[in-house]
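**Student:** I am sharing run-v4.pdb, which consists of PDB, C-alpha atoms:
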ATOM      1  CA  MET F  11       0.000   0.000   0.000  1.00  0.00           C
ATOM      2  CA  LYS F  12       2.878   2.317   0.834  1.00  0.00           C
ATOM      3  CA  ILE F  13       4.494   1.653  -2.568  1.00  0.00           C
ATOM      4  CA  LYS F  14       1.203   2.295  -4.366  1.00  0.00           C
ATOM      5  CA  THR F  15       0.791   5.630  -2.556  1.00  0.00           C
ATOM      6  CA  THR F  16       4.372   6.583  -3.382  1.00  0.00           C
ATOM      7  CA  TYR F  17       3.776   5.817  -7.080  1.00  0.00           C
ATOM      8  CA  LEU F  18       0.557   7.783  -7.046  1.00  0.00           C
ATOM      9  CA  LEU F  19       2.182  10.772  -5.346  1.00  0.00           C
ATOM     10  CA  THR F  20       5.137  10.607  -7.746  1.00  0.00           C
ATOM     11  CA  ALA F  21       2.826  10.383 -10.754  1.00  0.00           C
ATOM     12  CA  LEU F  22       0.734  13.244  -9.400  1.00  0.00           C
ATOM     13  CA  PHE F  23       3.851  15.342  -8.749  1.00  0.00           C
ATOM     14  CA  VAL F  24       5.223  14.623 -12.252  1.00  0.00           C
ATOM     15  CA  GLY F  25       1.813  15.425 -13.794  1.00  0.00           C
ATOM     16  CA  VAL F  26       1.503  18.721 -11.918  1.00  0.00           C
ATOM     17  CA  PHE F  27       5.118  19.590 -12.789  1.00  0.00           C
ATOM     18  CA  MET F  28       4.534  18.843 -16.501  1.00  0.00           C
ATOM     19  CA  MET F  29       1.314  20.883 -16.594  1.00  0.00           C
ATOM     20  CA  ALA F  30       3.008  23.794 -14.865  1.00  0.00           C
ATOM     21  CA  SER F  31       5.975  23.742 -17.220  1.00  0.00           C
ATOM     22  CA  CYS F  32       3.709  23.423 -20.293  1.00  0.00           C
ATOM     23  CA  ASN F  33       1.567  26.288 -19.047  1.00  0.00           C
ATOM     24  CA  SER F  34       4.581  28.547 -18.503  1.00  0.00           C
ATOM     25  CA  GLU F  35       5.953  27.637 -21.961  1.00  0.00           C
ATOM     26  CA  THR F  36       2.578  28.422 -23.495  1.00  0.00           C
ATOM     27  CA  LYS F  37       2.501  31.789 -21.728  1.00  0.00           C
ATOM     28  CA  LYS F  38       6.070  32.566 -22.847  1.00  0.00           C
ATOM     29  CA  HIS F  39       5.232  31.614 -26.426  1.00  0.00           C
ATOM     30  CA  ALA F  40       2.006  33.628 -26.378  1.00  0.00           C
ATOM     31  CA  LYS F  41       3.786  36.630 -24.908  1.00  0.00           C
ATOM     32  CA  SER F  42       6.667  36.499 -27.394  1.00  0.00           C
ATOM     33  CA  SER F  43       4.392  35.997 -30.385  1.00  0.00           C
ATOM     34  CA  THR F  44       2.187  38.856 -29.161  1.00  0.00           C
ATOM     35  CA  ASN F  45       5.265  41.071 -28.896  1.00  0.00           C
ATOM     36  CA  LEU F  46       6.318  40.039 -32.389  1.00  0.00           C
ATOM     37  CA  ASP F  47       2.853  40.763 -33.732  1.00  0.00           C
ATOM     38  CA  ILE F  48       2.767  44.159 -32.050  1.00  0.00           C
ATOM     39  CA  THR F  49       6.252  45.013 -33.300  1.00  0.00           C
ATOM     40  CA  GLY F  50       5.374  43.823 -36.778  1.00  0.00           C
ATOM     41  CA  ASN F  51       2.132  45.815 -36.771  1.00  0.00           C
ATOM     42  CA  LYS F  52       3.946  48.927 -35.547  1.00  0.00           C
ATOM     43  CA  GLU F  53       6.519  48.588 -38.317  1.00  0.00           C
ATOM     44  CA  LYS F  54       3.820  47.973 -40.917  1.00  0.00           C
ATOM     45  CA  SER F  55       1.721  50.894 -39.710  1.00  0.00           C
ATOM     46  CA  LEU F  56       4.758  53.193 -39.714  1.00  0.00           C
ATOM     47  CA  LYS F  57       5.593  52.187 -43.280  1.00  0.00           C
ATOM     48  CA  ASN F  58       1.984  52.546 -44.393  1.00  0.00           C
ATOM     49  CA  ASN F  59       1.545  55.864 -42.625  1.00  0.00           C
ATOM     50  CA  LYS F  60       4.552  57.463 -44.296  1.00  0.00           C
ATOM     51  CA  GLU F  61       3.711  56.191 -47.764  1.00  0.00           C
ATOM     52  CA  ASP F  62      -0.037  56.572 -47.615  1.00  0.00           C
ATOM     53  CA  GLU F  63      -0.324  59.586 -45.362  1.00  0.00           C
ATOM     54  CA  ILE F  64      -2.560  62.158 -46.986  1.00  0.00           C
ATOM     55  CA  ASP F  65      -2.384  65.789 -45.984  1.00  0.00           C
ATOM     56  CA  LYS F  66      -5.713  66.976 -44.564  1.00  0.00           C
ATOM     57  CA  LYS F  67      -6.005  69.710 -47.187  1.00  0.00           C
ATOM     58  CA  TYR F  68      -6.308  67.076 -49.942  1.00  0.00           C
ATOM     59  CA  ILE F  69      -9.045  65.242 -48.068  1.00  0.00           C
ATOM     60  CA  GLU F  70     -10.870  68.557 -47.618  1.00  0.00           C
ATOM     61  CA  TYR F  71     -10.354  69.262 -51.326  1.00  0.00           C
ATOM     62  CA  LEU F  72     -11.989  65.938 -52.250  1.00  0.00           C
ATOM     63  CA  ASP F  73     -14.872  66.561 -49.852  1.00  0.00           C
ATOM     64  CA  GLU F  74     -15.450  69.996 -51.354  1.00  0.00           C
ATOM     65  CA  TYR F  75     -15.008  68.659 -54.875  1.00  0.00           C
ATOM     66  CA  GLY F  76     -17.490  65.859 -54.266  1.00  0.00           C
ATOM     67  CA  SER F  77     -20.111  68.287 -53.007  1.00  0.00           C
ATOM     68  CA  SER F  78     -19.611  70.747 -55.888  1.00  0.00           C
ATOM     69  CA  SER F  79     -22.377  71.181 -58.439  1.00  0.00           C
ATOM     70  CA  ASN F  80     -20.696  69.117 -61.166  1.00  0.00           C
ATOM     71  CA  PRO F  81     -17.929  66.850 -59.858  1.00  0.00           C
ATOM     72  CA  GLU F  82     -16.236  65.084 -62.744  1.00  0.00           C
ATOM     73  CA  ILE F  83     -13.378  62.610 -62.662  1.00  0.00           C
ATOM     74  CA  ASN F  84     -11.409  61.749 -65.774  1.00  0.00           C
ATOM     75  CA  PHE F  85      -8.854  58.991 -66.141  1.00  0.00           C
ATOM     76  CA  VAL F  86      -5.483  59.629 -67.744  1.00  0.00           C
ATOM     77  CA  THR F  87      -2.835  56.968 -68.310  1.00  0.00           C
ATOM     78  CA  VAL F  88       0.775  58.125 -68.423  1.00  0.00           C
ATOM     79  CA  GLY F  89       3.423  55.452 -68.735  1.00  0.00           C
ATOM     80  CA  ASN F  90       1.770  52.447 -67.153  1.00  0.00           C
ATOM     81  CA  ILE F  91      -0.010  54.362 -64.370  1.00  0.00           C
ATOM     82  CA  THR F  92      -3.642  55.434 -64.529  1.00  0.00           C
ATOM     83  CA  TYR F  93      -4.414  58.683 -62.731  1.00  0.00           C
ATOM     84  CA  TRP F  94      -7.756  59.913 -61.491  1.00  0.00           C
ATOM     85  CA  VAL F  95      -8.034  63.560 -62.514  1.00  0.00           C
ATOM     86  CA  THR F  96     -10.200  66.158 -60.789  1.00  0.00           C
ATOM     87  CA  HIS F  97     -10.314  69.709 -62.103  1.00  0.00           C
ATOM     88  CA  TYR F  98     -11.666  73.203 -61.543  1.00  0.00           C
ATOM     89  CA  TYR F  99     -12.200  76.024 -64.001  1.00  0.00           C
ATOM     90  CA  GLY F 100     -12.303  79.571 -62.811  1.00  0.00           C
ATOM     91  CA  SER F 101     -11.345  83.029 -64.082  1.00  0.00           C
ATOM     92  CA  GLY F 102      -9.579  81.628 -67.135  1.00  0.00           C
ATOM     93  CA  THR F 103      -7.537  79.185 -65.050  1.00  0.00           C
ATOM     94  CA  ARG F 104      -7.727  75.417 -65.029  1.00  0.00           C
ATOM     95  CA  GLN F 105      -6.485  73.482 -62.020  1.00  0.00           C
ATOM     96  CA  GLU F 106      -6.082  69.707 -62.211  1.00  0.00           C
ATOM     97  CA  TYR F 107      -5.193  67.263 -59.461  1.00  0.00           C
ATOM     98  CA  PHE F 108      -3.785  63.887 -60.506  1.00  0.00           C
ATOM     99  CA  TRP F 109      -4.485  61.084 -58.004  1.00  0.00           C
ATOM    100  CA  VAL F 110      -3.435  57.429 -57.820  1.00  0.00           C
ATOM    101  CA  LEU F 111      -5.691  54.780 -56.306  1.00  0.00           C
ATOM    102  CA  SER F 112      -3.678  52.835 -53.709  1.00  0.00           C
ATOM    103  CA  LYS F 113      -5.115  50.478 -51.096  1.00  0.00           C
ATOM    104  CA  ASN F 114      -8.584  51.910 -51.643  1.00  0.00           C
ATOM    105  CA  LYS F 115      -7.353  55.494 -51.101  1.00  0.00           C
ATOM    106  CA  LEU F 116      -6.854  58.290 -53.584  1.00  0.00           C
ATOM    107  CA  ILE F 117      -3.304  59.558 -53.105  1.00  0.00           C
ATOM    108  CA  PRO F 118      -2.580  63.018 -54.581  1.00  0.00           C
ATOM    109  CA  LYS F 119       0.472  63.025 -56.870  1.00  0.00           C
ATOM    110  CA  PHE F 120       0.491  66.144 -59.067  1.00  0.00           C
ATOM    111  CA  ILE F 121      -1.151  69.546 -59.377  1.00  0.00           C
ATOM    112  CA  PHE F 122      -1.304  71.231 -62.779  1.00  0.00           C
ATOM    113  CA  GLU F 123      -2.497  74.797 -63.024  1.00  0.00           C
ATOM    114  CA  TYR F 124      -2.551  76.818 -66.205  1.00  0.00           C
ATOM    115  CA  GLY F 125      -4.387  79.735 -67.662  1.00  0.00           C
ATOM    116  CA  GLY F 126      -4.457  82.592 -70.118  1.00  0.00           C
ATOM    117  CA  MET F 127      -6.081  83.229 -73.480  1.00  0.00           C
ATOM    118  CA  PRO F 128      -6.346  79.773 -75.105  1.00  0.00           C
ATOM    119  CA  GLY F 129      -5.549  79.641 -78.804  1.00  0.00           C
ATOM    120  CA  VAL F 130      -4.318  83.238 -78.873  1.00  0.00           C
ATOM    121  CA  GLU F 131      -1.156  83.075 -76.780  1.00  0.00           C
ATOM    122  CA  GLU F 132       0.885  80.643 -74.731  1.00  0.00           C
ATOM    123  CA  LEU F 133      -0.686  79.655 -71.448  1.00  0.00           C
ATOM    124  CA  GLU F 134       1.285  80.185 -68.255  1.00  0.00           C
ATOM    125  CA  TYR F 135       1.513  77.054 -66.150  1.00  0.00           C
ATOM    126  CA  THR F 136       2.666  75.783 -62.786  1.00  0.00           C
ATOM    127  CA  PHE F 137       3.214  72.056 -62.308  1.00  0.00           C
ATOM    128  CA  ILE F 138       3.760  70.637 -58.802  1.00  0.00           C
ATOM    129  CA  ASN F 139       4.928  67.172 -57.768  1.00  0.00           C
ATOM    130  CA  ILE F 140       3.224  66.815 -54.381  1.00  0.00           C
ATOM    131  CA  LYS F 141       5.561  64.144 -53.005  1.00  0.00           C
ATOM    132  CA  THR F 142       8.835  65.909 -53.820  1.00  0.00           C
ATOM    133  CA  ASN F 143       7.422  69.449 -53.798  1.00  0.00           C
ATOM    134  CA  VAL F 144       9.208  70.142 -57.109  1.00  0.00           C
ATOM    135  CA  THR F 145       7.541  73.048 -58.895  1.00  0.00           C
ATOM    136  CA  VAL F 146       8.002  73.986 -62.555  1.00  0.00           C
ATOM    137  CA  ASP F 147       6.692  77.187 -64.107  1.00  0.00           C
ATOM    138  CA  GLY F 148       6.566  77.809 -67.830  1.00  0.00           C
ATOM    139  CA  LYS F 149       4.561  78.659 -70.908  1.00  0.00           C
ATOM    140  CA  ALA F 150       3.063  76.441 -73.601  1.00  0.00           C
ATOM    141  CA  PHE F 151       0.319  76.615 -76.191  1.00  0.00           C
ATOM    142  CA  GLU F 152      -2.918  74.881 -75.278  1.00  0.00           C
ATOM    143  CA  ASN F 153      -2.420  72.094 -77.839  1.00  0.00           C
ATOM    144  CA  ASN F 154       0.994  71.278 -76.256  1.00  0.00           C
ATOM    145  CA  MET F 155      -0.205  71.328 -72.630  1.00  0.00           C
ATOM    146  CA  GLU F 156      -0.956  67.582 -72.493  1.00  0.00           C
ATOM    147  CA  LYS F 157       2.560  66.783 -73.742  1.00  0.00           C
ATOM    148  CA  GLU F 158       4.086  69.135 -71.165  1.00  0.00           C
ATOM    149  CA  LYS F 159       2.137  67.477 -68.341  1.00  0.00           C
ATOM    150  CA  GLU F 160       3.155  64.025 -69.565  1.00  0.00           C
ATOM    151  CA  LYS F 161       6.843  65.053 -69.724  1.00  0.00           C
ATOM    152  CA  PHE F 162       6.617  66.419 -66.178  1.00  0.00           C
ATOM    153  CA  ILE F 163       5.048  63.222 -64.824  1.00  0.00           C
ATOM    154  CA  LEU F 164       7.495  60.905 -66.575  1.00  0.00           C
ATOM    155  CA  LYS F 165      10.472  63.029 -65.578  1.00  0.00           C
ATOM    156  CA  LYS F 166       9.472  63.018 -61.916  1.00  0.00           C
ATOM    157  CA  LEU F 167       8.658  59.308 -61.547  1.00  0.00           C
TER     158      LEU F 167
END
Please re-express this file's structure in structure tokens.
**Tutor:**
Amino acid sequence: MKIKTTYLLTALFVGVFMMASCNSETKKHAKSSTNLDITGNKEKSLKNNKEDEIDKKYIEYLDEYGSSSNPEINFVTVGNITYWVTHYYGSGTRQEYFWVLSKNKLIPKFIFEYGGMPGVEELEYTFINIKTNVTVDGKAFENNMEKEKEKFILKKL
């Protein structure tokens, strides 16, 4: 009877010891994998935030544009990238924003503004690369404006 009790106590002790060690290993593994997940998510969110961060003024622009009386979006393909183009006319000036759809967000890439007397004289223009903040001013006839915009986009990619 004494031997049977000793075996039972030993088996019970070994069982409790094994469960305790398994439980602590499980907690360690869960904790380390949680830390890895959190670290990975932080790194991913930092990368995504920098690349996909949109200045508030562009979000406000889209909100205002969407609520305007005649919002129109055109699609322009330059190189192998298709841009969503929004535009305003006013006082002889045309302003176009070129956007790229990325991860279900419209990311602003370029602003093109030009104006003057079309067909009569060269139009004055300002082209802006939003990401690099490179600005180019110049003059071109209306029928050459599309080529000038395309050159600017391809040069700045």
**Student:** Evaluate the PyMOL selection byres ((chain F and resi 104-106) around 6) and record the selected residues as a PyMOL selection string, following the chain and residue labels used in the document.
**Tutor:** chain F and resi 96-99+103+107+121-124
**Student:** In Å, with one decimal, what is the gap from atom CA of F:Trp109 to atom CA of F:Lys149?
**Tutor:** 23.6 Å
**Student:** Between atom CA of F:Tyr93 and atom CA of F:Lys141, what is the distance, to one decimal in Å?
**Tutor:** 15.0 Å
**Student:** Work out how far atom CA of F:Asp65 is from atom CA of F:Thr145, in Å to one decimal.
**Tutor:**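 These atoms are spaced 17.8 Å apart.
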**Student:** Which of these, F:Asn154, F:Lys119, F:Lys159, F:Tyr68, has the shortest distance to F:Asn139 once you count all atoms listed in the file?
**Tutor:**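 The closest residue to F:Asn139 is F:Lys119.
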**Student:** Got a sec: who's within 12 Å of F:Ile69, counting all atoms listed in the file, leaving out chain neighbours fewer than 5 positions off, as a count of residues only?
**Tutor:** 10
**Student:** Taking the file as shown, find all residues satisfying the PyMOL selection byres ((chain F and resi 135) around 7) and write them as a list in words.
**Tutor:**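 Output of the PyMOL selection byres ((chain F and resi 135) around 7): Glu123, Tyr124, Gly125, Leu133, Glu134, Thr136, Phe137, Asp147, Gly148 and Lys149 of chain F.
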**Student:** Which of these, F:Asn143, F:Phe120, F:Val95, F:Glu156, has the shortest distance to F:Ile83 once you count all atoms listed in the file?
**Tutor:**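 Using all atoms listed in the file, F:Ile83 sits closest to F:Val95.
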